[in-house]
file model-v1.cif (mmCIF, C-alpha atoms)
data_target
#
loop_
_atom_site.label_atom_id
_atom_site.label_comp_id
_atom_site.auth_asym_id
_atom_site.auth_seq_id
_atom_site.Cartn_x
_atom_site.Cartn_y
_atom_site.Cartn_z
CA MET A 688 0.00 0.00 0.00
CA SER A 689 1.25 3.44 -0.87
CA ARG A 690 1.63 5.78 2.04
CA ALA A 691 -0.65 8.86 2.04
CA ILE A 692 1.29 12.12 2.40
CA ALA A 693 -1.41 13.51 4.75
CA THR A 694 -0.39 10.87 7.29
CA VAL A 695 3.34 11.77 7.14
CA HIS A 696 4.84 14.34 9.52
CA VAL A 697 8.26 15.88 10.03
CA GLY A 698 9.99 13.95 12.78
CA ASP A 699 8.31 10.62 11.94
CA THR A 700 10.83 7.81 12.12
CA LEU A 701 11.06 4.93 9.67
CA PRO A 702 10.93 1.57 11.47
CA PRO A 703 14.59 0.44 11.50
CA VAL A 704 15.50 -2.65 9.50
CA ASP A 705 18.00 -5.04 11.12
CA LYS A 706 19.83 -6.89 8.37
CA SER A 707 21.34 -10.34 8.75
CA PRO A 708 25.12 -10.41 9.36
CA ILE A 709 27.07 -9.73 6.15
CA THR A 710 28.65 -12.90 4.76
CA THR A 711 31.49 -13.36 2.29
CA MET A 712 29.11 -15.40 0.14
CA GLN A 713 26.76 -12.42 0.07
CA LEU A 714 29.61 -10.22 -1.17
CA VAL A 715 30.27 -12.69 -3.99
CA GLN A 716 26.54 -12.73 -4.79
CA TYR A 717 26.46 -8.94 -4.74
CA ALA A 718 29.57 -8.70 -6.93
CA GLY A 719 27.89 -10.94 -9.51
CA ALA A 720 24.50 -9.23 -9.34
CA SER A 721 25.87 -5.67 -9.37
CA GLY A 722 28.79 -6.19 -11.74
CA ASP A 723 31.24 -4.65 -9.24
CA PHE A 724 34.13 -7.09 -9.39
CA ASN A 725 36.69 -5.08 -7.41
CA ARG A 726 38.72 -7.89 -5.80
CA ILE A 727 38.81 -6.00 -2.50
CA HIS A 728 35.32 -7.43 -1.87
CA TYR A 729 36.19 -11.16 -2.18
CA ASP A 730 39.97 -11.67 -2.48
CA GLU A 731 41.43 -11.70 1.06
CA PRO A 732 45.18 -11.25 0.19
CA PHE A 733 44.27 -8.42 -2.19
CA ALA A 734 42.25 -6.67 0.54
CA ARG A 735 45.15 -7.03 3.01
CA GLU A 736 47.54 -5.44 0.49
CA GLY A 737 45.10 -2.52 0.52
CA GLY A 738 45.57 -2.21 4.28
CA PHE A 739 42.33 -3.88 5.41
CA PRO A 740 42.18 -6.77 7.89
CA SER A 741 39.85 -8.71 5.58
CA VAL A 742 37.65 -8.24 2.54
CA ILE A 743 35.27 -5.30 2.85
CA ALA A 744 31.62 -5.11 1.86
CA HIS A 745 30.50 -3.06 -1.12
CA GLY A 746 29.26 0.31 0.10
CA MET A 747 26.51 -0.10 -2.46
CA LEU A 748 25.28 -3.20 -0.65
CA SER A 749 24.45 -1.04 2.38
CA MET A 750 22.91 1.54 0.06
CA GLY A 751 20.77 -1.35 -1.18
CA PHE A 752 19.55 -1.65 2.42
CA PHE A 753 18.53 2.04 2.18
CA GLY A 754 16.62 1.17 -0.99
CA GLN A 755 14.77 -1.60 0.85
CA LEU A 756 14.01 0.64 3.85
CA VAL A 757 12.70 3.56 1.79
CA ALA A 758 10.79 1.58 -0.87
CA ASP A 759 9.04 -0.53 1.78
CA TRP A 760 8.20 2.49 3.91
CA ALA A 761 6.82 4.49 0.95
CA GLY A 762 4.85 1.62 -0.55
CA GLY A 763 7.11 0.54 -3.40
CA PRO A 764 10.12 1.53 -5.51
CA GLN A 765 7.92 3.71 -7.75
CA HIS A 766 7.84 6.27 -4.93
CA VAL A 767 11.61 6.70 -4.72
CA ALA A 768 12.57 9.81 -6.69
CA ARG A 769 16.09 10.15 -5.32
CA LEU A 770 18.38 8.16 -3.07
CA ALA A 771 21.80 9.32 -1.91
CA ALA A 772 24.50 8.03 0.41
CA ARG A 773 27.83 9.08 1.83
CA PHE A 774 30.08 6.18 2.77
CA LYS A 775 31.60 6.89 6.18
CA ALA A 776 33.11 3.61 7.40
CA VAL A 777 33.72 0.16 5.95
CA THR A 778 31.72 -2.96 6.76
CA PHE A 779 33.25 -6.43 7.13
CA PRO A 780 31.82 -9.94 6.90
CA GLY A 781 30.15 -10.71 10.23
CA ASP A 782 28.99 -7.13 10.76
CA ARG A 783 25.30 -6.61 11.48
CA VAL A 784 23.94 -3.49 9.82
CA THR A 785 20.82 -1.62 10.89
CA VAL A 786 19.27 1.03 8.63
CA GLY A 787 16.79 3.66 9.66
CA GLY A 788 15.71 7.20 9.03
CA GLU A 789 13.33 10.04 9.70
CA VAL A 790 11.19 12.55 7.85
CA VAL A 791 12.95 15.92 7.70
CA ALA A 792 10.68 17.83 5.30
CA ARG A 793 7.32 17.48 3.63
CA ASP A 794 5.74 19.40 0.75
CA GLU A 795 2.13 18.41 0.40
CA ALA A 796 1.55 20.55 -2.72
CA ALA A 797 4.49 18.92 -4.52
CA GLY A 798 3.66 15.52 -3.04
CA THR A 799 7.21 14.98 -1.85
CA VAL A 800 8.83 13.98 1.42
CA GLU A 801 12.52 14.32 2.31
CA LEU A 802 14.15 11.68 4.46
CA LYS A 803 17.41 11.53 6.37
CA LEU A 804 18.89 8.01 6.55
CA PHE A 805 21.58 6.18 8.47
CA ALA A 806 23.26 2.80 8.46
CA ARG A 807 25.16 1.66 11.50
CA LYS A 808 26.73 -1.55 12.68
CA GLN A 809 26.52 -3.49 15.93
CA ASP A 810 29.17 -1.39 17.71
CA GLY A 811 27.32 1.84 16.86
CA THR A 812 29.68 2.95 14.08
CA VAL A 813 27.77 4.92 11.45
CA THR A 814 28.73 3.40 8.11
CA LEU A 815 26.50 5.43 5.80
CA GLU A 816 24.62 8.70 5.99
CA GLY A 817 21.95 9.17 3.39
CA SER A 818 18.97 11.07 2.16
CA ALA A 819 16.01 10.35 -0.04
CA THR A 820 13.21 12.14 -1.82
CA VAL A 821 9.96 10.22 -1.86
CA ARG A 822 7.00 11.00 -4.15
CA LEU A 823 3.70 10.25 -2.47
CA MET B 375 38.14 20.57 -2.09
CA SER B 376 40.97 22.24 -3.98
CA ASN B 377 41.13 23.34 -7.58
CA ALA B 378 40.17 20.62 -10.05
CA ALA B 379 43.19 21.51 -12.18
CA GLU B 380 45.42 19.83 -9.60
CA SER B 381 43.62 16.51 -9.92
CA ARG B 382 45.25 13.81 -11.95
CA PHE B 383 41.80 13.04 -13.32
CA ALA B 384 41.19 16.60 -14.57
CA PRO B 385 42.36 15.86 -18.15
CA TYR B 386 39.65 13.22 -18.46
CA VAL B 387 36.64 15.32 -17.46
CA GLY B 388 33.98 15.24 -20.16
CA ARG B 389 35.05 11.88 -21.52
CA GLU B 390 32.00 9.79 -22.43
CA SER B 391 31.63 6.08 -23.09
CA ALA B 392 30.07 4.62 -26.21
CA PRO B 393 26.32 4.11 -25.57
CA LEU B 394 25.38 0.61 -24.48
CA VAL B 395 21.93 -0.92 -24.94
CA VAL B 396 20.93 -3.09 -21.98
CA ASP B 397 17.87 -5.19 -21.23
CA VAL B 398 16.48 -5.26 -17.69
CA GLU B 399 16.03 -8.98 -16.99
CA ARG B 400 13.85 -10.47 -14.27
CA GLY B 401 16.45 -13.12 -13.32
CA HIS B 402 18.98 -10.31 -12.84
CA ILE B 403 16.49 -8.41 -10.64
CA ARG B 404 15.90 -11.57 -8.58
CA ARG B 405 19.63 -12.22 -8.08
CA PHE B 406 20.14 -8.59 -7.10
CA ALA B 407 17.29 -8.62 -4.55
CA GLU B 408 18.62 -11.91 -3.13
CA ALA B 409 22.13 -10.48 -2.72
CA VAL B 410 20.75 -7.45 -0.88
CA GLY B 411 18.47 -9.68 1.21
CA ASP B 412 15.44 -7.69 0.11
CA THR B 413 12.53 -10.09 0.55
CA ASN B 414 9.76 -7.92 -0.93
CA PRO B 415 7.91 -10.41 -3.21
CA ILE B 416 7.27 -7.80 -5.93
CA TYR B 417 10.90 -8.21 -7.06
CA VAL B 418 10.53 -11.94 -7.74
CA ASP B 419 6.84 -12.75 -8.20
CA GLU B 420 4.90 -11.36 -11.15
CA ALA B 421 1.52 -11.87 -9.43
CA ALA B 422 2.71 -9.99 -6.32
CA ALA B 423 4.04 -7.19 -8.55
CA ARG B 424 0.71 -6.90 -10.40
CA ALA B 425 -1.25 -6.99 -7.12
CA ALA B 426 0.84 -4.01 -5.99
CA GLY B 427 -0.09 -2.11 -9.15
CA HIS B 428 3.02 -2.73 -11.26
CA PRO B 429 2.75 -3.62 -14.96
CA ARG B 430 5.72 -6.00 -14.65
CA ILE B 431 8.32 -6.96 -12.05
CA PRO B 432 9.99 -3.76 -10.80
CA ALA B 433 13.63 -3.48 -9.75
CA PRO B 434 14.80 -2.33 -6.31
CA PRO B 435 16.04 1.30 -6.47
CA THR B 436 19.77 0.57 -6.32
CA PHE B 437 19.49 -2.04 -9.08
CA ALA B 438 20.18 0.94 -11.36
CA ILE B 439 23.91 0.66 -10.62
CA ALA B 440 23.92 -2.95 -11.84
CA LEU B 441 23.26 -1.59 -15.34
CA ARG B 442 26.85 -0.74 -16.13
CA ALA B 443 27.81 1.62 -18.88
CA ASN B 444 30.87 1.00 -20.99
CA ASP B 445 33.64 2.27 -18.71
CA PRO B 446 34.68 5.84 -19.60
CA ARG B 447 37.86 5.32 -17.52
CA GLY B 448 39.64 3.19 -20.14
CA GLY B 449 43.39 3.87 -20.14
CA ILE B 450 43.39 5.68 -16.78
CA ASP B 451 45.79 4.06 -14.32
CA LEU B 452 43.70 3.09 -11.26
CA ASP B 453 44.90 1.09 -8.25
CA TRP B 454 41.73 -0.67 -7.08
CA ARG B 455 43.22 -1.25 -3.62
CA LYS B 456 43.42 2.52 -3.12
CA LEU B 457 40.02 3.34 -4.51
CA LEU B 458 37.18 4.29 -2.18
CA HIS B 459 33.56 4.91 -2.99
CA GLY B 460 32.82 8.24 -1.31
CA GLU B 461 29.29 9.14 -2.33
CA GLN B 462 26.49 7.91 -4.52
CA GLU B 463 23.34 9.57 -5.74
CA LEU B 464 20.52 8.05 -7.80
CA VAL B 465 17.78 10.15 -9.35
CA PHE B 466 14.80 8.34 -10.86
CA ALA B 467 12.16 9.55 -13.30
CA ARG B 468 10.40 6.21 -12.86
CA PRO B 469 11.14 2.73 -11.53
CA LEU B 470 12.92 0.16 -13.70
CA TYR B 471 10.87 -2.80 -14.91
CA ALA B 472 11.83 -6.22 -16.20
CA GLY B 473 11.60 -5.98 -19.97
CA ASP B 474 12.85 -2.38 -20.19
CA ARG B 475 15.45 -1.76 -22.89
CA LEU B 476 17.65 1.19 -21.95
CA THR B 477 20.60 3.03 -23.44
CA ILE B 478 23.33 3.72 -20.91
CA VAL B 479 26.12 6.26 -21.22
CA GLY B 480 28.89 6.80 -18.68
CA ARG B 481 30.69 10.10 -18.35
CA ILE B 482 33.53 11.47 -16.26
CA ALA B 483 31.68 14.47 -14.89
CA GLY B 484 34.18 15.98 -12.50
CA ALA B 485 37.61 15.86 -10.90
CA ALA B 486 39.05 17.39 -7.75
CA VAL B 487 41.61 16.95 -5.02
CA LYS B 488 40.57 16.46 -1.42
CA GLU B 489 42.70 16.55 1.69
CA THR B 490 41.44 14.06 4.26
CA LYS B 491 42.76 12.76 7.56
CA SER B 492 44.09 9.73 5.66
CA GLY B 493 45.96 11.90 3.16
CA ILE B 494 45.47 13.52 -0.21
CA MET B 495 42.86 11.96 -2.47
CA ASP B 496 42.17 12.37 -6.14
CA VAL B 497 38.42 12.62 -6.62
CA MET B 498 36.50 11.54 -9.71
CA VAL B 499 32.79 12.01 -10.32
CA LEU B 500 31.26 9.44 -12.65
CA GLU B 501 27.81 9.98 -14.07
CA THR B 502 25.70 7.30 -15.70
CA VAL B 503 22.56 8.28 -17.59
CA ALA B 504 19.95 5.80 -18.77
CA THR B 505 17.37 6.69 -21.40
CA ASP B 506 14.51 4.65 -22.78
CA GLY B 507 13.44 4.03 -26.41
CA ASP B 508 11.76 7.44 -26.60
CA GLY B 509 14.93 9.17 -25.45
CA ALA B 510 13.40 10.02 -22.06
CA ARG B 511 15.78 9.95 -19.12
CA VAL B 512 14.97 7.08 -16.74
CA PHE B 513 17.69 7.54 -14.16
CA THR B 514 20.93 9.36 -13.45
CA ALA B 515 23.54 7.76 -11.19
CA ARG B 516 26.29 9.98 -9.82
CA SER B 517 29.20 8.28 -8.14
CA THR B 518 32.08 9.99 -6.33
CA VAL B 519 35.21 7.88 -6.03
CA LEU B 520 38.37 8.78 -4.16
CA VAL B 521 41.81 7.37 -4.87
CA ARG B 522 44.49 7.58 -2.19
CA ARG B 523 47.79 8.94 -3.47
#
call {"tool": "encode", "arguments": {"input": "model-v1.cif", "output": "C-alpha cells"}}
result
Amino acid sequence: MSRAIATVHVGDTLPPVDKSPITTMQLVQYAGASGDFNRIHYDEPFAREGGFPSVIAHGMLSMGFFGQLVADWAGGPQHVARLAARFKAVTFPGDRVTVGGEVVARDEAAGTVELKLFARKQDGTVTLEGSATVRL
Amino acid sequence: MSNAAESRFAPYVGRESAPLVVDVERGHIRRFAEAVGDTNPIYVDEAAARAAGHPRIPAPPTFAIALRANDPRGGIDLDWRKLLHGEQELVFARPLYAGDRLTIVGRIAGAAVKETKSGIMDVMVLETVATDGDGARVFTARSTVLVRR
C-alpha cells in the first residue's frame, strides 16, 4: 500500500531494518549481481595489500539496504525519486547493519517527502549517511 | 576541495563512453534482490508485482547501478586497492521494470583533489545516464570515487 502524504509528519521515524550479518558469500553474490568485481570485496590477500584486515563489503550493498528501507516504507520503488548516500566507514563480513531514518521535510503541494537516513553496525559505528526524496 | 586543475583526473573530465543498450532482466532483478536480502515479493513474483499495481516486475532502487555503462575510464591508471567509494546519488524519473530496454552512457563528470585525515585523495565524479526508447531519461547515477595517493 502506498503511504498517504497527509499521514506523514516531520519527525516521523522509519521503522529500522536489522539486516542479517554480512557474509562473504553475500559479497560474492552482490559482486555478480551488481557487476562490481573489485577484488577488495572477495579476495582476502588483495584486501590485506590494501591495508584492510579482511575483505570489505560493497558500500553499495548497504545503500541497497537504504533502498529496501525507503521503498518498503513508501509503498514501493515507484515512490523513490532520489536516493543518496555518503560512505563513512567500511563494513566487514560478520557485521550486522541496521538502517533507519526520519522525515525531515514534507511538501504536500508537490507531493514529496525528504528523508534523512543512516546505516550503522553493531558497535554503533555509522557506516552510511543518506537522504532520499519520496514521491507520495 | 581544492582546484580541479590539480587533480590527476582533470584531463579526463567530459570523456563519455560509447552508448550501451541493456535489457532489464527479471532473473537479474531476482539475483540482485537476493544479494541485498530484500525479501519484498514484488521483485521476484509477477503476481505480487501486479497486485501491488506494477505492470511487470519492478527493480529495487539501487538495481540501477547494476546496469553498467561501458567504462569511460579506459586507459586511466587506477589502483583498485586505493580506490574508495565516497558518495552515490541516484535520481529516478520512474522505476525500472523487467523488460525495459535502456541506453546507458557513462561520463567522467568531475575531478578534484581532497585533503582528508588519511591523506590527499584524487576525486572523480562518474555519471551514468539511462534513457529509454523514446529518449526520455529514466535515471541518473552519480558516483564519487576517491583514490588515495
call {"tool": "interface_residues", "arguments": {"input": "model-v1.cif", "of": "chain B", "to": "chain A", "cutoff": "10 Å", "atoms": "only C-alpha atoms", "output": "VMD selection string"}}
result
chain B and resid 401 to 414 416 to 417 423 426 to 428 432 to 442 453 to 470 513 to 518
call {"tool": "write_last_selection", "arguments": {"input": "model-v1.cif", "atoms": "C-alpha atoms", "output": "JSON list (two decimals), in the frame of the given file"}}
result
[["chain", "number", "residue", "atom", "x", "y", "z"],
["B", 401, "GLY", "CA", 16.45, -13.12, -13.32],
["B", 402, "HIS", "CA", 18.98, -10.31, -12.84],
["B", 403, "ILE", "CA", 16.49, -8.41, -10.64],
["B", 404, "ARG", "CA", 15.90, -11.57, -8.58],
["B", 405, "ARG", "CA", 19.63, -12.22, -8.08],
["B", 406, "PHE", "CA", 20.14, -8.59, -7.10],
["B", 407, "ALA", "CA", 17.29, -8.62, -4.55],
["B", 408, "GLU", "CA", 18.62, -11.91, -3.13],
["B", 409, "ALA", "CA", 22.13, -10.48, -2.72],
["B", 410, "VAL", "CA", 20.75, -7.45, -0.88],
["B", 411, "GLY", "CA", 18.47, -9.68, 1.21],
["B", 412, "ASP", "CA", 15.44, -7.69, 0.11],
["B", 413, "THR", "CA", 12.53, -10.09, 0.55],
["B", 414, "ASN", "CA", 9.76, -7.92, -0.93],
["B", 416, "ILE", "CA", 7.27, -7.80, -5.93],
["B", 417, "TYR", "CA", 10.90, -8.21, -7.06],
["B", 423, "ALA", "CA", 4.04, -7.19, -8.55],
["B", 426, "ALA", "CA", 0.84, -4.01, -5.99],
["B", 427, "GLY", "CA", -0.09, -2.11, -9.15],
["B", 428, "HIS", "CA", 3.02, -2.73, -11.26],
["B", 432, "PRO", "CA", 9.99, -3.76, -10.80],
["B", 433, "ALA", "CA", 13.63, -3.48, -9.75],
["B", 434, "PRO", "CA", 14.80, -2.33, -6.31],
["B", 435, "PRO", "CA", 16.04, 1.30, -6.47],
["B", 436, "THR", "CA", 19.77, 0.57, -6.32],
["B", 437, "PHE", "CA", 19.49, -2.04, -9.08],
["B", 438, "ALA", "CA", 20.18, 0.94, -11.36],
["B", 439, "ILE", "CA", 23.91, 0.66, -10.62],
["B", 440, "ALA", "CA", 23.92, -2.95, -11.84],
["B", 441, "LEU", "CA", 23.26, -1.59, -15.34],
["B", 442, "ARG", "CA", 26.85, -0.74, -16.13],
["B", 453, "ASP", "CA", 44.90, 1.09, -8.25],
["B", 454, "TRP", "CA", 41.73, -0.67, -7.08],
["B", 455, "ARG", "CA", 43.22, -1.25, -3.62],
["B", 456, "LYS", "CA", 43.42, 2.52, -3.12],
["B", 457, "LEU", "CA", 40.02, 3.34, -4.51],
["B", 458, "LEU", "CA", 37.18, 4.29, -2.18],
["B", 459, "HIS", "CA", 33.56, 4.91, -2.99],
["B", 460, "GLY", "CA", 32.82, 8.24, -1.31],
["B", 461, "GLU", "CA", 29.29, 9.14, -2.33],
["B", 462, "GLN", "CA", 26.49, 7.91, -4.52],
["B", 463, "GLU", "CA", 23.34, 9.57, -5.74],
["B", 464, "LEU", "CA", 20.52, 8.05, -7.80],
["B", 465, "VAL", "CA", 17.78, 10.15, -9.35],
["B", 466, "PHE", "CA", 14.80, 8.34, -10.86],
["B", 467, "ALA", "CA", 12.16, 9.55, -13.30],
["B", 468, "ARG", "CA", 10.40, 6.21, -12.86],
["B", 469, "PRO", "CA", 11.14, 2.73, -11.53],
["B", 470, "LEU", "CA", 12.92, 0.16, -13.70],
["B", 513, "PHE", "CA", 17.69, 7.54, -14.16],
["B", 514, "THR", "CA", 20.93, 9.36, -13.45],
["B", 515, "ALA", "CA", 23.54, 7.76, -11.19],
["B", 516, "ARG", "CA", 26.29, 9.98, -9.82],
["B", 517, "SER", "CA", 29.20, 8.28, -8.14],
["B", 518, "THR", "CA", 32.08, 9.99, -6.33]]
call {"tool": "residues_around", "arguments": {"input": "model-v1.cif", "residues": "Leu476 of chain B", "least_positions_apart": "5", "cutoff": "7 Å", "atoms": "all atoms listed in the file", "output": "MDAnalysis selection string"}}
result
chainID B and resid 395:397 504:507
call {"tool": "write_last_selection", "arguments": {"input": "model-v1.cif", "atoms": "C-alpha atoms", "output": "mmCIF file, in the frame of the given file"}}
result
data_model
loop_
_atom_site.group_PDB
_atom_site.id
_atom_site.type_symbol
_atom_site.label_atom_id
_atom_site.label_comp_id
_atom_site.auth_asym_id
_atom_site.auth_seq_id
_atom_site.Cartn_x
_atom_site.Cartn_y
_atom_site.Cartn_z
ATOM 1 C CA VAL B 395 21.930 -0.920 -24.940
ATOM 2 C CA VAL B 396 20.930 -3.090 -21.980
ATOM 3 C CA ASP B 397 17.870 -5.190 -21.230
ATOM 4 C CA ALA B 504 19.950 5.800 -18.770
ATOM 5 C CA THR B 505 17.370 6.690 -21.400
ATOM 6 C CA ASP B 506 14.510 4.650 -22.780
ATOM 7 C CA GLY B 507 13.440 4.030 -26.410
#
call {"tool": "atom_distance", "arguments": {"input": "model-v1.cif", "atom1": "atom CA of Pro732 of chain A", "atom2": "atom CA of Val487 of chain B"}}
result
28.9 Å
call {"tool": "resolve_selection", "arguments": {"input": "model-v1.cif", "expression": "the PyMOL selection byres ((chain B and resi 380-390) around 12)", "output": "tab-separated table (two decimals) with C-alpha atoms, keeping the file's coordinate frame"}}
result
chain	number	residue	atom	x	y	z
B	375	MET	CA	38.14	20.57	-2.09
B	376	SER	CA	40.97	22.24	-3.98
B	377	ASN	CA	41.13	23.34	-7.58
B	378	ALA	CA	40.17	20.62	-10.05
B	379	ALA	CA	43.19	21.51	-12.18
B	391	SER	CA	31.63	6.08	-23.09
B	392	ALA	CA	30.07	4.62	-26.21
B	393	PRO	CA	26.32	4.11	-25.57
B	394	LEU	CA	25.38	0.61	-24.48
B	443	ALA	CA	27.81	1.62	-18.88
B	444	ASN	CA	30.87	1.00	-20.99
B	445	ASP	CA	33.64	2.27	-18.71
B	446	PRO	CA	34.68	5.84	-19.60
B	447	ARG	CA	37.86	5.32	-17.52
B	448	GLY	CA	39.64	3.19	-20.14
B	449	GLY	CA	43.39	3.87	-20.14
B	450	ILE	CA	43.39	5.68	-16.78
B	451	ASP	CA	45.79	4.06	-14.32
B	452	LEU	CA	43.70	3.09	-11.26
B	478	ILE	CA	23.33	3.72	-20.91
B	479	VAL	CA	26.12	6.26	-21.22
B	480	GLY	CA	28.89	6.80	-18.68
B	481	ARG	CA	30.69	10.10	-18.35
B	482	ILE	CA	33.53	11.47	-16.26
B	483	ALA	CA	31.68	14.47	-14.89
B	484	GLY	CA	34.18	15.98	-12.50
B	485	ALA	CA	37.61	15.86	-10.90
B	486	ALA	CA	39.05	17.39	-7.75
B	487	VAL	CA	41.61	16.95	-5.02
B	488	LYS	CA	40.57	16.46	-1.42
B	489	GLU	CA	42.70	16.55	1.69
B	494	ILE	CA	45.47	13.52	-0.21
B	495	MET	CA	42.86	11.96	-2.47
B	496	ASP	CA	42.17	12.37	-6.14
B	497	VAL	CA	38.42	12.62	-6.62
B	498	MET	CA	36.50	11.54	-9.71
B	499	VAL	CA	32.79	12.01	-10.32
B	500	LEU	CA	31.26	9.44	-12.65
B	501	GLU	CA	27.81	9.98	-14.07
B	502	THR	CA	25.70	7.30	-15.70
B	503	VAL	CA	22.56	8.28	-17.59
B	519	VAL	CA	35.21	7.88	-6.03
B	520	LEU	CA	38.37	8.78	-4.16
B	521	VAL	CA	41.81	7.37	-4.87
B	522	ARG	CA	44.49	7.58	-2.19
B	523	ARG	CA	47.79	8.94	-3.47
call {"tool": "atom_distance", "arguments": {"input": "model-v1.cif", "atom1": "atom CA of Asp508 of chain B", "atom2": "atom CA of Ala472 of chain B"}}
result
17.2 Å
call {"tool": "closest_residue", "arguments": {"input": "model-v1.cif", "among": "B:Arg400, B:Pro415, B:Thr477, B:Ala422", "to": "Val512 of chain B", "atoms": "all atoms listed in the file"}}
result
B:Thr477
call {"tool": "closest_residue", "arguments": {"input": "model-v1.cif", "among": "B:Pro429, B:Val418, B:Asp474, B:Arg424", "to": "Val398 of chain B", "atoms": "all atoms listed in the file"}}
result
B:Asp474
call {"tool": "atom_distance", "arguments": {"input": "model-v1.cif", "atom1": "atom CA of Pro780 of chain A", "atom2": "atom CA of Leu804 of chain A"}}
result
22.1 Å
call {"tool": "closest_residue", "arguments": {"input": "model-v1.cif", "among": "A:Ala806, A:Ala797, A:Val742, A:Ala761", "to": "Gly781 of chain A", "atoms": "only C-alpha atoms"}}
result
A:Val742
call {"tool": "axis_aligned_box", "arguments": {"input": "model-v1.cif", "around": "segment 731-737 of chain A", "padding_each_side": "5 Å", "output": "JSON"}}
result
{"center_x": 44.5, "center_y": -7.1, "center_z": 0.4, "size_x": 16.1, "size_y": 19.2, "size_z": 15.2}
call {"tool": "resolve_selection", "arguments": {"input": "model-v1.cif", "expression": "the PyMOL selection byres ((chain A and resi 785) around 8)", "output": "list in words"}}
result
Pro703, Val704, Asp705, Lys706, Arg783, Val784, Val786, Gly787, Ala806, Arg807, Lys808 and Gln809 of chain A
